[in-house]
Amino acid sequence: MAGARNRWRGALIIGVLVGIGLGAVAHAQRPPAPVIVAAVLVQQVVDEITLVGTIQGRHNSNVASETDGKVVAVLKDSGQPLRAGDALIRLENDQLRTALIEALADVKLQRFNSQQSTRLLLQQAVSEQTQRDNEYELDRAQAKLTDLRNQINDLEIQAPYDGYVVQTTVGLGEWVDRGDEVAQVISIDTVRIRVDVPEHHVDGLRLGAMAGLYIDALGSQRHEGRIVAILPQGLQDSRTFPVIVETLNPRHRMRGGMSARVAFAIERPGTSVLVHKDALVSGPMGHMVYLADQDQATARPVTVGMAHQGYVAVEGDIAAGDLVIVRGNERLRDGQAIRIIRQQE
């Protein structure tokens with residue numbers, strides 16, 4: 001009985017050893033696995049961050065009166081389009097018009113006196129000083145007349161540029177002093193978006209660089225803008241720096257106060273090793289990639305960094321120009337035979 005049991009155990013051991021040997025032979029004879037590869041890149045990485053800002057008109061002005069007067073006409077109302085030079089508000093000032101008549105008479109008198117003293121000086125009937133005094137009085141009277149004419153012209157308050165009226169701030173019959181605000185106007189042929197950029201990103205921005213703009217209220221279309229200002233003074237509470245992006249707005253669809261998402265390209269210092277995202281294989285020990293090394297797959301563990309346009313920055317024993325397997329790598333083993341069917345661009 002004991003002898004039979006020992007013979008059974010011996011047969012079982014021999015069977016296991018034979019099975020292992022046959023499995024090893026089958027593995028060694030497995031045909032090369034077809035794979036697709038892509039080259040490892042080394043280049044500077046540009047990250048893209050998206051921040052929210054507010055659209056503002058390129059020009060947004062509080063128009064003020066340059067003279068005193070009573071409002072006799074409001075010629076433009078809120079929302080109406082403007083051309084540079086269009087009349088917004090008309091004032092009236094009777095005292096200015098009376099002073100203008102007096103100034104005209106004064107100029108006429110001083111011109112006569114100046115001409116008379118010039119003739120008398122030639123006859124040596126007056127002194128040269130008298131003649132100079134009369135010339136001075138004429139110049140003074142002409143300067144006063146010019147100033148009064150300018151003040152009367154300023155009774156019509158005009159639009160400083162093409163745009164729209166946001167609001168008028170005076171009504172008929174009100175008295176307006178010089179410097180008082182009478183209307184707010186805006187120009188949106190070109191608009192600006194102010195974005196507060198975190199301090200750890202602002203150093204990667206450059207004046208003149210392009211930025212992508214998305215205005216959700218107008219759909220998903222991407223617009224292009226350009227960085228025109230990076231303010232040197234940040235906001236202490238948020239540790240952000242205001243950045244101004246400008247873009248053309250020929251159809252006037254972008255309006256002041258709309259929100260906009262701005263996509264900035266941030267250059268990272270130095271260079272990074274990049275592999276195609278499909279080259280990464282996750283395992284119990286972390287991430288790895290398989291190199292195509294002389295018709296066999298060689299596993300290399302890597303540390304994964306930031307993603308960038310379909311590639312991933314990694315650290316590990318790989319270099320620029322190495323070929324990593326991006327298709328057919330799901331069930332590969334280290335040292336397994338492979339056959340490259342295509343290199344992915």
# chains A, B, ... in the order shown; residues from 1 in each chain; ligands from 1
call {"tool": "residues_around", "arguments": {"residues": "region 295-298 of chain A", "least_positions_apart": "3", "cutoff": "10 Å", "atoms": "only C-alpha atoms", "output": "PDB file with C-alpha atoms, in the first residue's frame"}}
result
ATOM      1  CA  PRO A  32       6.164  38.500 -31.692  1.00  0.00           C
ATOM      2  CA  ALA A  33       3.394  40.807 -30.533  1.00  0.00           C
ATOM      3  CA  VAL A  35       2.806  46.963 -31.674  1.00  0.00           C
ATOM      4  CA  VAL A 289       6.369  52.386 -20.267  1.00  0.00           C
ATOM      5  CA  TYR A 290       7.621  49.700 -22.659  1.00  0.00           C
ATOM      6  CA  LEU A 291      10.504  50.599 -24.930  1.00  0.00           C
ATOM      7  CA  ALA A 292      10.873  48.934 -28.318  1.00  0.00           C
ATOM      8  CA  VAL A 324       7.812  53.711 -26.644  1.00  0.00           C
ATOM      9  CA  ILE A 325       4.970  51.289 -27.363  1.00  0.00           C
ATOM     10  CA  ASN A 329       1.241  47.321 -24.670  1.00  0.00           C
ATOM     11  CA  LEU A 332       3.136  42.877 -22.752  1.00  0.00           C
ATOM     12  CA  ARG A 333       5.788  41.397 -20.476  1.00  0.00           C
ATOM     13  CA  ASP A 334       9.305  42.593 -19.963  1.00  0.00           C
ATOM     14  CA  GLY A 335      11.534  40.979 -22.585  1.00  0.00           C
ATOM     15  CA  GLN A 336       8.668  39.782 -24.779  1.00  0.00           C
ATOM     16  CA  ALA A 337       9.308  39.678 -28.523  1.00  0.00           C
ATOM     17  CA  ILE A 338       7.550  42.397 -30.551  1.00  0.00           C
ATOM     18  CA  ARG A 339       7.013  43.357 -34.144  1.00  0.00           C
ATOM     19  CA  ILE A 340       6.667  47.080 -34.987  1.00  0.00           C
TER      20      ILE A 340
END
call {"tool": "residues_around", "arguments": {"residues": "region 99-109 of chain A", "least_positions_apart": "2", "cutoff": "9 Å", "atoms": "only C-alpha atoms", "output": "PyMOL selection string"}}
result
chain A and resi 94-97+111-114+137-142+144-145+148-149+152
call {"tool": "atom_distance", "arguments": {"atom1": "CA of Val63 (chain A)", "atom2": "CA of Leu235 (chain A)"}}
result
29.4 Å
call {"tool": "select_by_dssp", "arguments": {"residues": "region 62-216 of chain A", "states": "strand (DSSP E or B)", "output": "PDB file with N, CA and C atoms, in the first residue's frame"}}
result
ATOM      1  N   ASN A  62     -16.560 109.317 -18.863  1.00  0.00           N
ATOM      2  CA  ASN A  62     -17.553 110.214 -18.295  1.00  0.00           C
ATOM      3  C   ASN A  62     -17.318 111.591 -18.925  1.00  0.00           C
ATOM      4  N   VAL A  63     -18.205 111.985 -19.832  1.00  0.00           N
ATOM      5  CA  VAL A  63     -18.028 113.229 -20.577  1.00  0.00           C
ATOM      6  C   VAL A  63     -18.432 114.395 -19.681  1.00  0.00           C
ATOM      7  N   ALA A  64     -17.567 115.401 -19.608  1.00  0.00           N
ATOM      8  CA  ALA A  64     -17.806 116.565 -18.752  1.00  0.00           C
ATOM      9  C   ALA A  64     -17.970 117.822 -19.598  1.00  0.00           C
ATOM     10  N   GLY A  69     -23.484 126.509 -18.118  1.00  0.00           N
ATOM     11  CA  GLY A  69     -24.681 126.795 -18.893  1.00  0.00           C
ATOM     12  C   GLY A  69     -25.866 125.977 -18.431  1.00  0.00           C
ATOM     13  N   LYS A  70     -27.036 126.353 -18.943  1.00  0.00           N
ATOM     14  CA  LYS A  70     -28.281 125.658 -18.636  1.00  0.00           C
ATOM     15  C   LYS A  70     -28.589 124.681 -19.760  1.00  0.00           C
ATOM     16  N   VAL A  71     -29.007 123.440 -19.381  1.00  0.00           N
ATOM     17  CA  VAL A  71     -29.329 122.416 -20.368  1.00  0.00           C
ATOM     18  C   VAL A  71     -30.611 122.807 -21.089  1.00  0.00           C
ATOM     19  N   VAL A  72     -30.508 122.959 -22.433  1.00  0.00           N
ATOM     20  CA  VAL A  72     -31.694 123.290 -23.227  1.00  0.00           C
ATOM     21  C   VAL A  72     -32.059 122.163 -24.183  1.00  0.00           C
ATOM     22  N   ALA A  73     -31.167 121.152 -24.333  1.00  0.00           N
ATOM     23  CA  ALA A  73     -31.496 120.023 -25.212  1.00  0.00           C
ATOM     24  C   ALA A  73     -30.624 118.828 -24.835  1.00  0.00           C
ATOM     25  N   VAL A  74     -31.264 117.649 -24.727  1.00  0.00           N
ATOM     26  CA  VAL A  74     -30.559 116.370 -24.577  1.00  0.00           C
ATOM     27  C   VAL A  74     -30.756 115.633 -25.897  1.00  0.00           C
ATOM     28  N   PRO A  81     -26.366 104.906 -30.748  1.00  0.00           N
ATOM     29  CA  PRO A  81     -25.017 104.932 -31.316  1.00  0.00           C
ATOM     30  C   PRO A  81     -24.530 106.360 -31.537  1.00  0.00           C
ATOM     31  N   LEU A  82     -23.212 106.508 -31.564  1.00  0.00           N
ATOM     32  CA  LEU A  82     -22.591 107.820 -31.707  1.00  0.00           C
ATOM     33  C   LEU A  82     -21.506 107.787 -32.767  1.00  0.00           C
ATOM     34  N   ALA A  87     -23.455 115.778 -31.411  1.00  0.00           N
ATOM     35  CA  ALA A  87     -23.880 116.563 -30.255  1.00  0.00           C
ATOM     36  C   ALA A  87     -24.612 115.671 -29.257  1.00  0.00           C
ATOM     37  N   LEU A  88     -24.210 115.760 -28.002  1.00  0.00           N
ATOM     38  CA  LEU A  88     -24.855 115.011 -26.921  1.00  0.00           C
ATOM     39  C   LEU A  88     -25.827 115.892 -26.137  1.00  0.00           C
ATOM     40  N   ILE A  89     -25.310 117.014 -25.662  1.00  0.00           N
ATOM     41  CA  ILE A  89     -26.066 117.939 -24.824  1.00  0.00           C
ATOM     42  C   ILE A  89     -25.838 119.358 -25.365  1.00  0.00           C
ATOM     43  N   ARG A  90     -26.907 120.172 -25.347  1.00  0.00           N
ATOM     44  CA  ARG A  90     -26.738 121.581 -25.727  1.00  0.00           C
ATOM     45  C   ARG A  90     -27.085 122.450 -24.529  1.00  0.00           C
ATOM     46  N   LEU A  91     -26.179 123.392 -24.232  1.00  0.00           N
ATOM     47  CA  LEU A  91     -26.350 124.334 -23.125  1.00  0.00           C
ATOM     48  C   LEU A  91     -26.628 125.736 -23.682  1.00  0.00           C
ATOM     49  N   GLU A  92     -27.105 126.608 -22.808  1.00  0.00           N
ATOM     50  CA  GLU A  92     -27.259 128.019 -23.162  1.00  0.00           C
ATOM     51  C   GLU A  92     -26.763 128.857 -22.005  1.00  0.00           C
ATOM     52  N   GLU A 156     -22.198 123.329 -26.892  1.00  0.00           N
ATOM     53  CA  GLU A 156     -22.639 122.071 -27.496  1.00  0.00           C
ATOM     54  C   GLU A 156     -21.613 121.005 -27.134  1.00  0.00           C
ATOM     55  N   ILE A 157     -22.011 120.065 -26.277  1.00  0.00           N
ATOM     56  CA  ILE A 157     -21.105 119.020 -25.787  1.00  0.00           C
ATOM     57  C   ILE A 157     -21.171 117.848 -26.755  1.00  0.00           C
ATOM     58  N   GLN A 158     -20.008 117.444 -27.291  1.00  0.00           N
ATOM     59  CA  GLN A 158     -19.957 116.472 -28.380  1.00  0.00           C
ATOM     60  C   GLN A 158     -19.338 115.150 -27.933  1.00  0.00           C
ATOM     61  N   GLY A 163     -19.120 105.354 -30.761  1.00  0.00           N
ATOM     62  CA  GLY A 163     -19.487 104.423 -29.695  1.00  0.00           C
ATOM     63  C   GLY A 163     -20.967 104.474 -29.409  1.00  0.00           C
ATOM     64  N   TYR A 164     -21.288 104.345 -28.109  1.00  0.00           N
ATOM     65  CA  TYR A 164     -22.677 104.322 -27.668  1.00  0.00           C
ATOM     66  C   TYR A 164     -22.817 105.163 -26.400  1.00  0.00           C
ATOM     67  N   VAL A 165     -24.030 105.692 -26.211  1.00  0.00           N
ATOM     68  CA  VAL A 165     -24.341 106.374 -24.958  1.00  0.00           C
ATOM     69  C   VAL A 165     -24.719 105.322 -23.917  1.00  0.00           C
ATOM     70  N   VAL A 166     -24.028 105.323 -22.806  1.00  0.00           N
ATOM     71  CA  VAL A 166     -24.409 104.446 -21.695  1.00  0.00           C
ATOM     72  C   VAL A 166     -25.547 105.103 -20.917  1.00  0.00           C
ATOM     73  N   GLN A 167     -25.349 106.387 -20.577  1.00  0.00           N
ATOM     74  CA  GLN A 167     -26.410 107.130 -19.892  1.00  0.00           C
ATOM     75  C   GLN A 167     -26.101 108.618 -19.958  1.00  0.00           C
ATOM     76  N   THR A 168     -27.166 109.436 -19.885  1.00  0.00           N
ATOM     77  CA  THR A 168     -26.991 110.872 -19.682  1.00  0.00           C
ATOM     78  C   THR A 168     -27.324 111.169 -18.223  1.00  0.00           C
ATOM     79  N   TRP A 175     -28.724 123.398 -14.406  1.00  0.00           N
ATOM     80  CA  TRP A 175     -27.522 124.227 -14.593  1.00  0.00           C
ATOM     81  C   TRP A 175     -26.287 123.352 -14.446  1.00  0.00           C
ATOM     82  N   VAL A 176     -25.392 123.510 -15.378  1.00  0.00           N
ATOM     83  CA  VAL A 176     -24.177 122.707 -15.402  1.00  0.00           C
ATOM     84  C   VAL A 176     -22.973 123.625 -15.230  1.00  0.00           C
ATOM     85  N   GLU A 181     -20.059 116.246 -14.870  1.00  0.00           N
ATOM     86  CA  GLU A 181     -20.332 115.128 -15.773  1.00  0.00           C
ATOM     87  C   GLU A 181     -21.734 115.246 -16.347  1.00  0.00           C
ATOM     88  N   VAL A 182     -21.868 115.043 -17.668  1.00  0.00           N
ATOM     89  CA  VAL A 182     -23.177 115.139 -18.305  1.00  0.00           C
ATOM     90  C   VAL A 182     -23.599 113.831 -18.976  1.00  0.00           C
ATOM     91  N   ALA A 183     -22.650 112.943 -19.302  1.00  0.00           N
ATOM     92  CA  ALA A 183     -23.002 111.685 -19.974  1.00  0.00           C
ATOM     93  C   ALA A 183     -21.858 110.699 -19.831  1.00  0.00           C
ATOM     94  N   GLN A 184     -22.208 109.415 -19.949  1.00  0.00           N
ATOM     95  CA  GLN A 184     -21.212 108.348 -20.001  1.00  0.00           C
ATOM     96  C   GLN A 184     -21.317 107.685 -21.369  1.00  0.00           C
ATOM     97  N   VAL A 185     -20.170 107.559 -22.059  1.00  0.00           N
ATOM     98  CA  VAL A 185     -20.157 106.939 -23.380  1.00  0.00           C
ATOM     99  C   VAL A 185     -19.106 105.833 -23.391  1.00  0.00           C
ATOM    100  N   ILE A 186     -19.304 104.889 -24.316  1.00  0.00           N
ATOM    101  CA  ILE A 186     -18.407 103.732 -24.392  1.00  0.00           C
ATOM    102  C   ILE A 186     -18.143 103.403 -25.849  1.00  0.00           C
ATOM    103  N   SER A 187     -16.945 102.931 -26.127  1.00  0.00           N
ATOM    104  CA  SER A 187     -16.588 102.446 -27.461  1.00  0.00           C
ATOM    105  C   SER A 187     -16.261 100.964 -27.352  1.00  0.00           C
ATOM    106  N   ILE A 188     -16.884 100.136 -28.225  1.00  0.00           N
ATOM    107  CA  ILE A 188     -16.651  98.694 -28.168  1.00  0.00           C
ATOM    108  C   ILE A 188     -16.180  98.130 -29.509  1.00  0.00           C
ATOM    109  N   ASP A 189     -15.652  98.986 -30.387  1.00  0.00           N
ATOM    110  CA  ASP A 189     -15.017  98.454 -31.605  1.00  0.00           C
ATOM    111  C   ASP A 189     -13.874  97.511 -31.225  1.00  0.00           C
ATOM    112  N   THR A 190     -13.187  97.878 -30.171  1.00  0.00           N
ATOM    113  CA  THR A 190     -12.173  97.020 -29.552  1.00  0.00           C
ATOM    114  C   THR A 190     -12.536  96.880 -28.085  1.00  0.00           C
ATOM    115  N   VAL A 191     -12.467  95.669 -27.560  1.00  0.00           N
ATOM    116  CA  VAL A 191     -12.786  95.466 -26.145  1.00  0.00           C
ATOM    117  C   VAL A 191     -11.576  94.908 -25.413  1.00  0.00           C
ATOM    118  N   ARG A 192     -11.609  95.084 -24.115  1.00  0.00           N
ATOM    119  CA  ARG A 192     -10.543  94.565 -23.250  1.00  0.00           C
ATOM    120  C   ARG A 192     -11.161  93.673 -22.180  1.00  0.00           C
ATOM    121  N   ILE A 193     -10.406  92.640 -21.818  1.00  0.00           N
ATOM    122  CA  ILE A 193     -10.817  91.739 -20.747  1.00  0.00           C
ATOM    123  C   ILE A 193      -9.754  91.804 -19.661  1.00  0.00           C
ATOM    124  N   ARG A 194     -10.176  92.160 -18.488  1.00  0.00           N
ATOM    125  CA  ARG A 194      -9.254  92.185 -17.346  1.00  0.00           C
ATOM    126  C   ARG A 194      -9.369  90.856 -16.602  1.00  0.00           C
ATOM    127  N   VAL A 195      -8.225  90.216 -16.400  1.00  0.00           N
ATOM    128  CA  VAL A 195      -8.171  88.922 -15.723  1.00  0.00           C
ATOM    129  C   VAL A 195      -7.157  89.017 -14.593  1.00  0.00           C
ATOM    130  N   ASP A 196      -7.511  88.532 -13.420  1.00  0.00           N
ATOM    131  CA  ASP A 196      -6.586  88.489 -12.285  1.00  0.00           C
ATOM    132  C   ASP A 196      -5.867  87.140 -12.295  1.00  0.00           C
ATOM    133  N   VAL A 197      -4.565  87.175 -12.587  1.00  0.00           N
ATOM    134  CA  VAL A 197      -3.768  85.960 -12.764  1.00  0.00           C
ATOM    135  C   VAL A 197      -3.000  85.657 -11.479  1.00  0.00           C
ATOM    136  N   PRO A 198      -3.055  84.416 -10.965  1.00  0.00           N
ATOM    137  CA  PRO A 198      -2.301  84.072  -9.756  1.00  0.00           C
ATOM    138  C   PRO A 198      -0.809  84.348  -9.921  1.00  0.00           C
ATOM    139  N   MET A 210      -0.550  85.772 -27.609  1.00  0.00           N
ATOM    140  CA  MET A 210      -1.958  85.534 -27.919  1.00  0.00           C
ATOM    141  C   MET A 210      -2.629  84.772 -26.777  1.00  0.00           C
ATOM    142  N   ALA A 211      -3.933  84.951 -26.659  1.00  0.00           N
ATOM    143  CA  ALA A 211      -4.734  84.245 -25.659  1.00  0.00           C
ATOM    144  C   ALA A 211      -6.077  83.882 -26.288  1.00  0.00           C
ATOM    145  N   GLY A 212      -6.609  82.718 -25.913  1.00  0.00           N
ATOM    146  CA  GLY A 212      -7.909  82.292 -26.414  1.00  0.00           C
ATOM    147  C   GLY A 212      -9.027  82.853 -25.555  1.00  0.00           C
ATOM    148  N   LEU A 213     -10.101  83.301 -26.206  1.00  0.00           N
ATOM    149  CA  LEU A 213     -11.229  83.900 -25.491  1.00  0.00           C
ATOM    150  C   LEU A 213     -12.501  83.106 -25.783  1.00  0.00           C
ATOM    151  N   TYR A 214     -13.259  82.817 -24.733  1.00  0.00           N
ATOM    152  CA  TYR A 214     -14.536  82.124 -24.863  1.00  0.00           C
ATOM    153  C   TYR A 214     -15.588  82.938 -24.121  1.00  0.00           C
TER     154      TYR A 214
END
call {"tool": "atom_distance", "arguments": {"atom1": "CA of Leu280 (chain A)", "atom2": "CA of Val45 (chain A)"}}
result
18.4 Å
call {"tool": "select_by_dssp", "arguments": {"residues": "region 85-186 of chain A", "states": "helix (DSSP H, G or I)", "output": "ChimeraX atom specification"}}
result
/A:94-122,128-153
call {"tool": "residues_around", "arguments": {"residues": "Thr50 (chain A)", "least_positions_apart": "6", "cutoff": "9 Å", "atoms": "only C-alpha atoms", "output": "list in words"}}
result
Gly212, Arg261, Val262, Ala263 and Phe264 of chain A
call {"tool": "atom_distance", "arguments": {"atom1": "CA of Asp133 (chain A)", "atom2": "CA of Gln151 (chain A)"}}
result
27.2 Å
